[in-house]
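J.: Contents of upload38.tsv (TSV, C-alpha atoms and all ligand atoms) are below:
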chain	number	residue	atom	x	y	z
W	1	MET	CA	-97.13	22.52	-41.43
W	2	THR	CA	-100.52	20.98	-42.14
W	3	ILE	CA	-101.71	18.19	-39.86
W	4	LYS	CA	-103.31	15.57	-42.10
W	5	THR	CA	-106.30	14.38	-40.13
W	6	VAL	CA	-108.94	11.72	-40.79
W	7	VAL	CA	-112.21	11.64	-38.83
W	8	TRP	CA	-113.58	8.08	-38.88
W	9	GLY	CA	-117.29	7.62	-38.31
W	10	GLU	CA	-119.22	4.41	-37.86
W	11	ASN	CA	-122.11	6.24	-39.61
W	12	VAL	CA	-124.88	3.87	-38.45
W	13	HIS	CA	-127.06	5.94	-36.07
W	14	GLU	CA	-127.05	8.87	-38.52
W	15	GLN	CA	-128.56	6.58	-41.18
W	16	GLU	CA	-131.01	4.67	-38.97
W	17	ASN	CA	-132.23	7.16	-36.34
W	18	LYS	CA	-134.09	10.33	-37.39
W	19	ILE	CA	-133.04	12.34	-34.32
W	20	VAL	CA	-129.37	11.64	-34.97
W	21	GLY	CA	-129.73	12.10	-38.74
W	22	ASP	CA	-131.41	15.50	-38.28
W	23	LEU	CA	-128.80	16.59	-35.74
W	24	TYR	CA	-125.84	15.50	-37.89
W	25	PRO	CA	-126.97	15.60	-41.54
W	26	ASN	CA	-123.39	15.11	-42.73
W	27	GLY	CA	-122.67	12.55	-40.03
W	28	ILE	CA	-120.98	13.00	-36.68
W	29	HIS	CA	-117.69	12.59	-38.56
W	30	GLY	CA	-118.66	15.36	-41.00
W	31	CYS	CA	-119.53	17.77	-38.17
W	32	ILE	CA	-116.20	17.13	-36.44
W	33	ALA	CA	-114.20	17.48	-39.68
W	34	ASP	CA	-115.95	20.78	-40.49
W	35	ALA	CA	-115.03	22.13	-37.05
W	36	LEU	CA	-111.39	21.01	-37.33
W	37	ASN	CA	-111.06	22.53	-40.79
W	38	LYS	CA	-111.61	26.01	-39.30
W	39	ASN	CA	-108.01	25.67	-38.10
W	40	PRO	CA	-105.75	26.53	-41.08
W	41	ASN	CA	-103.10	24.16	-39.73
W	42	ILE	CA	-105.44	21.15	-39.90
W	43	SER	CA	-106.64	19.41	-43.05
W	44	ALA	CA	-109.43	17.05	-42.01
W	45	SER	CA	-111.20	14.50	-44.21
W	46	THR	CA	-113.58	11.69	-43.29
W	47	ALA	CA	-113.79	7.90	-43.58
W	48	THR	CA	-116.63	5.56	-42.68
W	49	LEU	CA	-117.28	1.92	-41.83
W	50	GLN	CA	-119.26	1.36	-45.04
W	51	GLN	CA	-116.39	2.28	-47.39
W	52	ALA	CA	-114.02	-0.32	-48.83
W	53	GLU	CA	-111.45	-1.17	-46.14
W	54	HIS	CA	-113.54	1.17	-43.91
W	55	GLY	CA	-111.90	4.05	-45.83
W	56	LEU	CA	-108.56	3.22	-44.23
W	57	THR	CA	-106.28	1.73	-46.86
W	58	ALA	CA	-102.64	1.21	-45.93
W	59	GLU	CA	-101.71	4.10	-48.22
W	60	ARG	CA	-104.19	6.47	-46.58
W	61	LEU	CA	-103.10	5.58	-43.05
W	62	ALA	CA	-99.46	6.04	-44.03
W	63	ASP	CA	-100.41	9.58	-45.09
W	64	THR	CA	-102.42	10.35	-41.93
W	65	ASP	CA	-100.95	12.29	-38.99
W	66	VAL	CA	-103.93	12.03	-36.64
W	67	LEU	CA	-107.01	9.74	-36.72
W	68	LEU	CA	-110.19	10.44	-34.74
W	69	TRP	CA	-112.55	7.50	-34.14
W	70	TRP	CA	-116.28	7.54	-33.30
W	71	GLY	CA	-118.06	4.18	-33.03
W	72	HIS	CA	-120.88	2.65	-30.99
W	73	ALA	CA	-123.28	0.14	-32.53
W	74	ALA	CA	-120.98	-1.65	-34.96
W	75	HIS	CA	-117.65	-2.21	-33.23
W	76	GLU	CA	-117.75	-5.88	-34.24
W	77	GLN	CA	-118.26	-4.98	-37.91
W	78	VAL	CA	-114.80	-3.40	-38.01
W	79	SER	CA	-112.56	-6.05	-39.54
W	80	ASP	CA	-109.76	-7.44	-37.41
W	81	GLU	CA	-107.35	-6.72	-40.25
W	82	ILE	CA	-108.18	-3.01	-40.38
W	83	ALA	CA	-108.19	-2.74	-36.57
W	84	LEU	CA	-104.67	-4.19	-36.46
W	85	ARG	CA	-103.62	-1.87	-39.30
W	86	VAL	CA	-104.76	1.13	-37.23
W	87	CYS	CA	-102.88	-0.15	-34.15
W	88	GLU	CA	-99.71	-0.59	-36.20
W	89	ALA	CA	-100.08	2.95	-37.57
W	90	VAL	CA	-100.31	4.23	-33.97
W	91	TRP	CA	-97.20	2.27	-32.96
W	92	ALA	CA	-95.43	3.82	-35.95
W	93	GLY	CA	-96.31	7.35	-34.78
W	94	MET	CA	-99.84	8.27	-35.92
W	95	GLY	CA	-101.86	10.19	-33.32
W	96	LEU	CA	-105.21	8.69	-32.25
W	97	ILE	CA	-108.20	10.39	-30.63
W	98	ILE	CA	-110.86	8.02	-29.32
W	99	LEU	CA	-114.30	9.58	-28.93
W	100	HIS	CA	-117.10	8.74	-26.49
W	101	SER	CA	-118.46	5.17	-27.01
W	102	ALA	CA	-115.36	4.19	-28.98
W	103	HIS	CA	-114.00	3.19	-25.57
W	104	PHE	CA	-115.35	-0.25	-26.59
W	105	SER	CA	-113.79	-0.20	-30.09
W	106	LYS	CA	-111.46	-3.01	-31.10
W	107	ILE	CA	-108.59	-0.57	-31.53
W	108	PHE	CA	-108.89	1.10	-28.10
W	109	LYS	CA	-109.31	-2.19	-26.23
W	110	ARG	CA	-106.30	-3.66	-28.02
W	111	LEU	CA	-104.12	-0.61	-27.39
W	112	MET	CA	-105.16	-0.47	-23.71
W	113	GLY	CA	-105.09	-4.21	-23.02
W	114	THR	CA	-107.91	-3.85	-20.49
W	115	PRO	CA	-111.74	-4.23	-20.70
W	116	CYS	CA	-112.35	-0.42	-20.93
W	117	ASN	CA	-115.76	-0.95	-19.27
W	118	LEU	CA	-117.71	1.68	-17.36
W	119	THR	CA	-121.15	2.47	-15.91
W	120	TRP	CA	-123.64	4.50	-17.96
W	121	ARG	CA	-127.10	6.09	-18.03
W	122	GLU	CA	-128.94	7.85	-20.86
W	123	ALA	CA	-130.96	10.59	-19.14
W	124	GLY	CA	-129.88	13.83	-20.82
W	125	GLU	CA	-128.36	15.09	-17.58
W	126	ARG	CA	-125.86	17.93	-17.14
W	127	GLU	CA	-122.15	17.12	-17.40
W	128	ARG	CA	-119.52	19.42	-15.87
W	129	LEU	CA	-116.00	18.84	-17.16
W	130	TRP	CA	-113.27	20.04	-14.82
W	131	VAL	CA	-109.84	20.79	-16.23
W	132	THR	CA	-107.49	18.83	-13.97
W	133	SER	CA	-104.27	19.69	-15.83
W	134	ARG	CA	-104.40	23.47	-16.37
W	135	ASN	CA	-101.19	23.76	-18.41
W	136	HIS	CA	-101.81	20.75	-20.65
W	137	PRO	CA	-101.80	21.63	-24.38
W	138	ILE	CA	-105.24	20.00	-24.79
W	139	ALA	CA	-106.73	22.38	-22.18
W	140	GLN	CA	-105.37	25.63	-23.62
W	141	GLY	CA	-107.99	28.37	-23.96
W	142	LEU	CA	-110.57	26.61	-21.79
W	143	PRO	CA	-112.16	27.95	-18.61
W	144	GLU	CA	-111.50	26.03	-15.37
W	145	TYR	CA	-114.60	23.98	-16.14
W	146	PHE	CA	-117.29	23.85	-18.80
W	147	GLU	CA	-120.73	22.28	-18.96
W	148	LEU	CA	-122.80	20.32	-21.43
W	149	GLU	CA	-126.50	20.66	-20.63
W	150	ASN	CA	-127.50	17.25	-21.99
W	151	GLU	CA	-125.20	14.28	-22.04
W	152	GLU	CA	-125.14	10.57	-21.43
W	153	MET	CA	-123.53	9.64	-18.10
W	154	TYR	CA	-120.37	7.55	-18.01
W	155	GLY	CA	-119.25	6.66	-14.50
W	156	GLU	CA	-116.29	5.18	-12.69
W	157	PRO	CA	-114.79	2.68	-12.39
W	158	PHE	CA	-113.45	3.05	-15.94
W	159	GLY	CA	-111.53	-0.10	-16.86
W	160	ILE	CA	-108.46	1.56	-18.37
W	161	PRO	CA	-104.77	1.38	-17.43
W	162	GLU	CA	-103.55	4.26	-15.25
W	163	PRO	CA	-103.34	7.18	-17.72
W	164	LEU	CA	-100.16	9.03	-18.60
W	165	GLU	CA	-102.07	12.26	-17.88
W	166	THR	CA	-105.62	13.07	-16.80
W	167	VAL	CA	-106.77	16.31	-18.44
W	168	PHE	CA	-110.49	16.28	-17.55
W	169	ILE	CA	-112.70	14.79	-14.87
W	170	SER	CA	-116.46	14.96	-15.35
W	171	TRP	CA	-119.17	15.34	-12.75
W	172	PHE	CA	-122.70	14.33	-13.68
W	173	GLN	CA	-125.97	15.65	-12.30
W	174	GLY	CA	-126.85	12.20	-11.00
W	175	GLY	CA	-123.73	12.16	-8.84
W	176	GLU	CA	-121.16	10.07	-10.73
W	177	VAL	CA	-117.66	11.15	-11.74
W	178	PHE	CA	-115.50	9.99	-14.65
W	179	ARG	CA	-111.99	10.45	-16.07
W	180	SER	CA	-113.19	12.17	-19.26
W	181	GLY	CA	-109.92	13.16	-20.87
W	182	VAL	CA	-106.91	10.85	-20.57
W	183	THR	CA	-103.68	10.46	-22.53
W	184	TYR	CA	-101.46	7.50	-23.36
W	185	LYS	CA	-98.42	6.75	-25.46
W	186	ARG	CA	-98.36	3.46	-27.34
W	187	GLY	CA	-95.22	2.88	-29.37
W	188	ALA	CA	-94.51	6.25	-31.01
W	189	GLY	CA	-98.20	7.22	-31.07
W	190	ASN	CA	-99.96	9.74	-28.85
W	191	ILE	CA	-103.46	8.69	-27.80
W	192	PHE	CA	-106.22	10.83	-26.26
W	193	TYR	CA	-109.57	9.52	-25.08
W	194	PHE	CA	-112.33	12.17	-24.82
W	195	ARG	CA	-115.64	11.15	-23.26
W	196	PRO	CA	-118.47	13.48	-24.43
W	197	GLY	CA	-120.27	12.88	-27.72
W	198	HIS	CA	-123.49	10.91	-27.30
W	199	GLU	CA	-125.20	10.73	-30.68
W	200	THR	CA	-128.62	12.17	-29.70
W	201	TYR	CA	-127.18	15.43	-28.28
W	202	PRO	CA	-125.54	18.40	-30.11
W	203	THR	CA	-122.23	17.89	-28.27
W	204	TYR	CA	-119.95	18.24	-31.30
W	205	TYR	CA	-121.38	21.72	-32.02
W	206	ASP	CA	-120.27	22.93	-28.57
W	207	GLU	CA	-117.47	25.51	-28.80
W	208	ASN	CA	-115.51	24.11	-25.87
W	209	VAL	CA	-115.74	20.56	-27.22
W	210	GLN	CA	-114.55	21.79	-30.62
W	211	LEU	CA	-111.64	23.59	-28.94
W	212	VAL	CA	-110.66	20.42	-27.07
W	213	LEU	CA	-110.64	18.39	-30.31
W	214	ASP	CA	-108.69	21.11	-32.13
W	215	ASN	CA	-106.10	21.19	-29.32
W	216	ALA	CA	-106.02	17.40	-29.18
W	217	VAL	CA	-105.22	17.03	-32.89
W	218	THR	CA	-102.33	19.48	-32.53
W	219	TRP	CA	-101.10	17.69	-29.39
W	220	ALA	CA	-101.40	14.18	-30.85
W	221	HIS	CA	-99.48	15.02	-34.01
W	222	ASN	CA	-96.02	13.48	-33.81
W	223	SER	CA	-93.93	15.45	-36.31
W	224	ALA	CA	-91.07	12.92	-36.27
W	225	ALA	CA	-90.86	10.55	-39.23
W	226	LYS	CA	-93.00	7.45	-38.77
W	227	ILE	CA	-91.24	4.23	-37.82
W	228	GLN	CA	-90.99	1.82	-40.74
W	229	ASN	CA	-91.64	-1.94	-40.36
W	230	VAL	CA	-92.79	-1.32	-36.81
W	231	THR	CA	-93.44	-4.98	-35.96
W	232	ASP	CA	-90.13	-6.36	-37.32
W	233	ALA	CA	-87.95	-8.31	-34.84
W	234	PRO	CA	-84.68	-8.95	-36.74
W	235	ASN	CA	-82.03	-11.44	-35.63
W	236	VAL	CA	-78.51	-9.97	-35.22
W	237	PRO	CA	-76.05	-12.78	-36.07
W	238	VAL	CA	-73.02	-13.36	-33.87
W	239	GLU	CA	-70.63	-12.25	-36.62
W	240	ASP	CA	-72.44	-8.88	-36.77
W	241	ALA	CA	-72.09	-8.14	-33.05
W	242	ILE	CA	-70.47	-4.71	-32.50
W	243	GLU	CA	-67.79	-6.25	-30.22
W	244	LYS	CA	-66.35	-9.62	-31.24
W	245	ILE	CA	-67.98	-12.39	-29.23
W	246	ASN	CA	-67.84	-16.17	-29.33
W	247	SER	CA	-71.11	-18.01	-29.49
W	248	ARG	CA	-71.32	-20.58	-26.68
W	249	GLY	CA	-73.82	-22.80	-24.96
W	250	ALA	CA	-76.80	-24.70	-26.30
W	251	LYS	CA	-78.82	-23.00	-29.02
W	252	LEU	CA	-82.32	-23.30	-30.36
W	253	HIS	CA	-81.76	-21.05	-33.40
W	254	GLN	CA	-79.26	-21.21	-36.28
W	255	ASP	CA	-76.74	-18.37	-36.63
W	256	GLY	CA	-78.15	-15.66	-38.85
W	257	GLU	CA	-81.65	-17.04	-38.75
W	258	ALA	CA	-84.07	-14.46	-40.09
W	259	GLY	CA	-86.86	-13.10	-37.95
W	260	PHE	CA	-88.11	-14.12	-34.54
W	261	LYS	CA	-89.26	-17.72	-34.22
A	1	ZN	ZN	-123.43	7.34	-26.09
Would you write out, as structure tokens, the structure that this file holds?
T.:
Amino acid sequence: MTIKTVVWGENVHEQENKIVGDLYPNGIHGCIADALNKNPNISASTATLQQAEHGLTAERLADTDVLLWWGHAAHEQVSDEIALRVCEAVWAGMGLIILHSAHFSKIFKRLMGTPCNLTWREAGERERLWVTSRNHPIAQGLPEYFELENEEMYGEPFGIPEPLETVFISWFQGGEVFRSGVTYKRGAGNIFYFRPGHETYPTYYDENVQLVLDNAVTWAHNSAAKIQNVTDAPNVPVEDAIEKINSRGAKLHQDGEAGFK
């Protein structure tokens, strides 16, 4: 089975900053998609902010198993309509992988329901990612820890709900720690947040990072059929109750009234 995957890139730094453009000539999203496509079970394409509907039409999302999301400078330029469309796709069963500074994206904040804030420092310091869940599918094939020589620091407290699972905790050279790999389930959708990926460093070329993303796509894929009409809230009229019941007491709604009011 092929996992239909879309890597969404904000694609702003790559266009505006020479360091980032030289590092990722096909965009951060292009680099990630190329790495994922080495896995014959994954078919990865890309979408960007600048495309019509940010490249995420309803038809394309309906045909997407897993979406990866990198954003930083233009979170507010993502339309509310498309952000809600992505959330609804997750509730219906699409997997979602949130990368690095996308912790502040509209979609992640909405799905978490918390500020998702953190402390940070851009000093190119060493990051050491410890695997805290050795048998988790996302950690398969990794050593007990791995290091990135240059990364931005993200530090605790991280304003997220208590995760379903914590797969990685990072230590930074300056002393901070951070929950760098955390999972959630929202509706039928599996969600993974993965911290590394600052735009001025070659993080997405790192073999261990690529393995994590490969594992994460496979883990996030929910092979069950997607839920249709995921936000519907139908009224079940009294005459359709499984056991016969008599309606009694004061009522606000009419029998058989459609939808939730
Ligand atoms: Zn960053």
J.: Tell me, in Å to one decimal, how far CA of Thr114 (chain W) is from CA of Glu162 (chain W).
T.: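 Taking CA of Thr114 (chain W) as the start and CA of Glu162 (chain W) as the end point, the length is 10.6 Å.
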J.: Counting all atoms listed in the file, what is within 12 Å of Val90 (chain W), bar same-chain residues fewer than 4 positions away, as a PyMOL selection string?
T.: chain W and resi 61-62+64-68+83-86+94-97+107-108+110-111+184-192+220-222+226-228+230-231
J.: Include C-alpha atoms and write out the residues we just selected as a PDB file, in the coordinates of the input.
T.:
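Saved result, again-v9.pdb, follows:
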ATOM      1  CA  LEU W  61    -103.100   5.580 -43.050  1.00  0.00           C
ATOM      2  CA  ALA W  62     -99.460   6.040 -44.030  1.00  0.00           C
ATOM      3  CA  THR W  64    -102.420  10.350 -41.930  1.00  0.00           C
ATOM      4  CA  ASP W  65    -100.950  12.290 -38.990  1.00  0.00           C
ATOM      5  CA  VAL W  66    -103.930  12.030 -36.640  1.00  0.00           C
ATOM      6  CA  LEU W  67    -107.010   9.740 -36.720  1.00  0.00           C
ATOM      7  CA  LEU W  68    -110.190  10.440 -34.740  1.00  0.00           C
ATOM      8  CA  ALA W  83    -108.190  -2.740 -36.570  1.00  0.00           C
ATOM      9  CA  LEU W  84    -104.670  -4.190 -36.460  1.00  0.00           C
ATOM     10  CA  ARG W  85    -103.620  -1.870 -39.300  1.00  0.00           C
ATOM     11  CA  VAL W  86    -104.760   1.130 -37.230  1.00  0.00           C
ATOM     12  CA  MET W  94     -99.840   8.270 -35.920  1.00  0.00           C
ATOM     13  CA  GLY W  95    -101.860  10.190 -33.320  1.00  0.00           C
ATOM     14  CA  LEU W  96    -105.210   8.690 -32.250  1.00  0.00           C
ATOM     15  CA  ILE W  97    -108.200  10.390 -30.630  1.00  0.00           C
ATOM     16  CA  ILE W 107    -108.590  -0.570 -31.530  1.00  0.00           C
ATOM     17  CA  PHE W 108    -108.890   1.100 -28.100  1.00  0.00           C
ATOM     18  CA  ARG W 110    -106.300  -3.660 -28.020  1.00  0.00           C
ATOM     19  CA  LEU W 111    -104.120  -0.610 -27.390  1.00  0.00           C
ATOM     20  CA  TYR W 184    -101.460   7.500 -23.360  1.00  0.00           C
ATOM     21  CA  LYS W 185     -98.420   6.750 -25.460  1.00  0.00           C
ATOM     22  CA  ARG W 186     -98.360   3.460 -27.340  1.00  0.00           C
ATOM     23  CA  GLY W 187     -95.220   2.880 -29.370  1.00  0.00           C
ATOM     24  CA  ALA W 188     -94.510   6.250 -31.010  1.00  0.00           C
ATOM     25  CA  GLY W 189     -98.200   7.220 -31.070  1.00  0.00           C
ATOM     26  CA  ASN W 190     -99.960   9.740 -28.850  1.00  0.00           C
ATOM     27  CA  ILE W 191    -103.460   8.690 -27.800  1.00  0.00           C
ATOM     28  CA  PHE W 192    -106.220  10.830 -26.260  1.00  0.00           C
ATOM     29  CA  ALA W 220    -101.400  14.180 -30.850  1.00  0.00           C
ATOM     30  CA  HIS W 221     -99.480  15.020 -34.010  1.00  0.00           C
ATOM     31  CA  ASN W 222     -96.020  13.480 -33.810  1.00  0.00           C
ATOM     32  CA  LYS W 226     -93.000   7.450 -38.770  1.00  0.00           C
ATOM     33  CA  ILE W 227     -91.240   4.230 -37.820  1.00  0.00           C
ATOM     34  CA  GLN W 228     -90.990   1.820 -40.740  1.00  0.00           C
ATOM     35  CA  VAL W 230     -92.790  -1.320 -36.810  1.00  0.00           C
ATOM     36  CA  THR W 231     -93.440  -4.980 -35.960  1.00  0.00           C
TER      37      THR W 231
END
J.: Pick from W:Leu99, W:Ala139, W:Leu252, W:Leu148: nearest to Pro202 (chain W), with all atoms listed in the file counted?
T.: W:Leu148
J.: So which residues are near ligand ZN 1 (chain A), meaning at most 9 Å away with only C-alpha atoms and all ligand atoms counted, given back as a list of chain:residue names?
T.: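 Those within range of ligand ZN 1 (chain A) are W:His72, W:His100, W:Ser101, W:Trp120, W:Arg121, W:Glu122, W:Glu151, W:Glu152, W:Met153, W:Tyr154, W:Pro196, W:Gly197, W:His198, W:Glu199, W:Thr200.
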J.: Here is a test: counting all atoms listed in the file, which residue of W:Gly113, W:Gly21, W:Gly9, W:Gly55 is nearest to Trp69 (chain W)?
T.: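 The answer is W:Gly9, which sits nearest to Trp69 (chain W).
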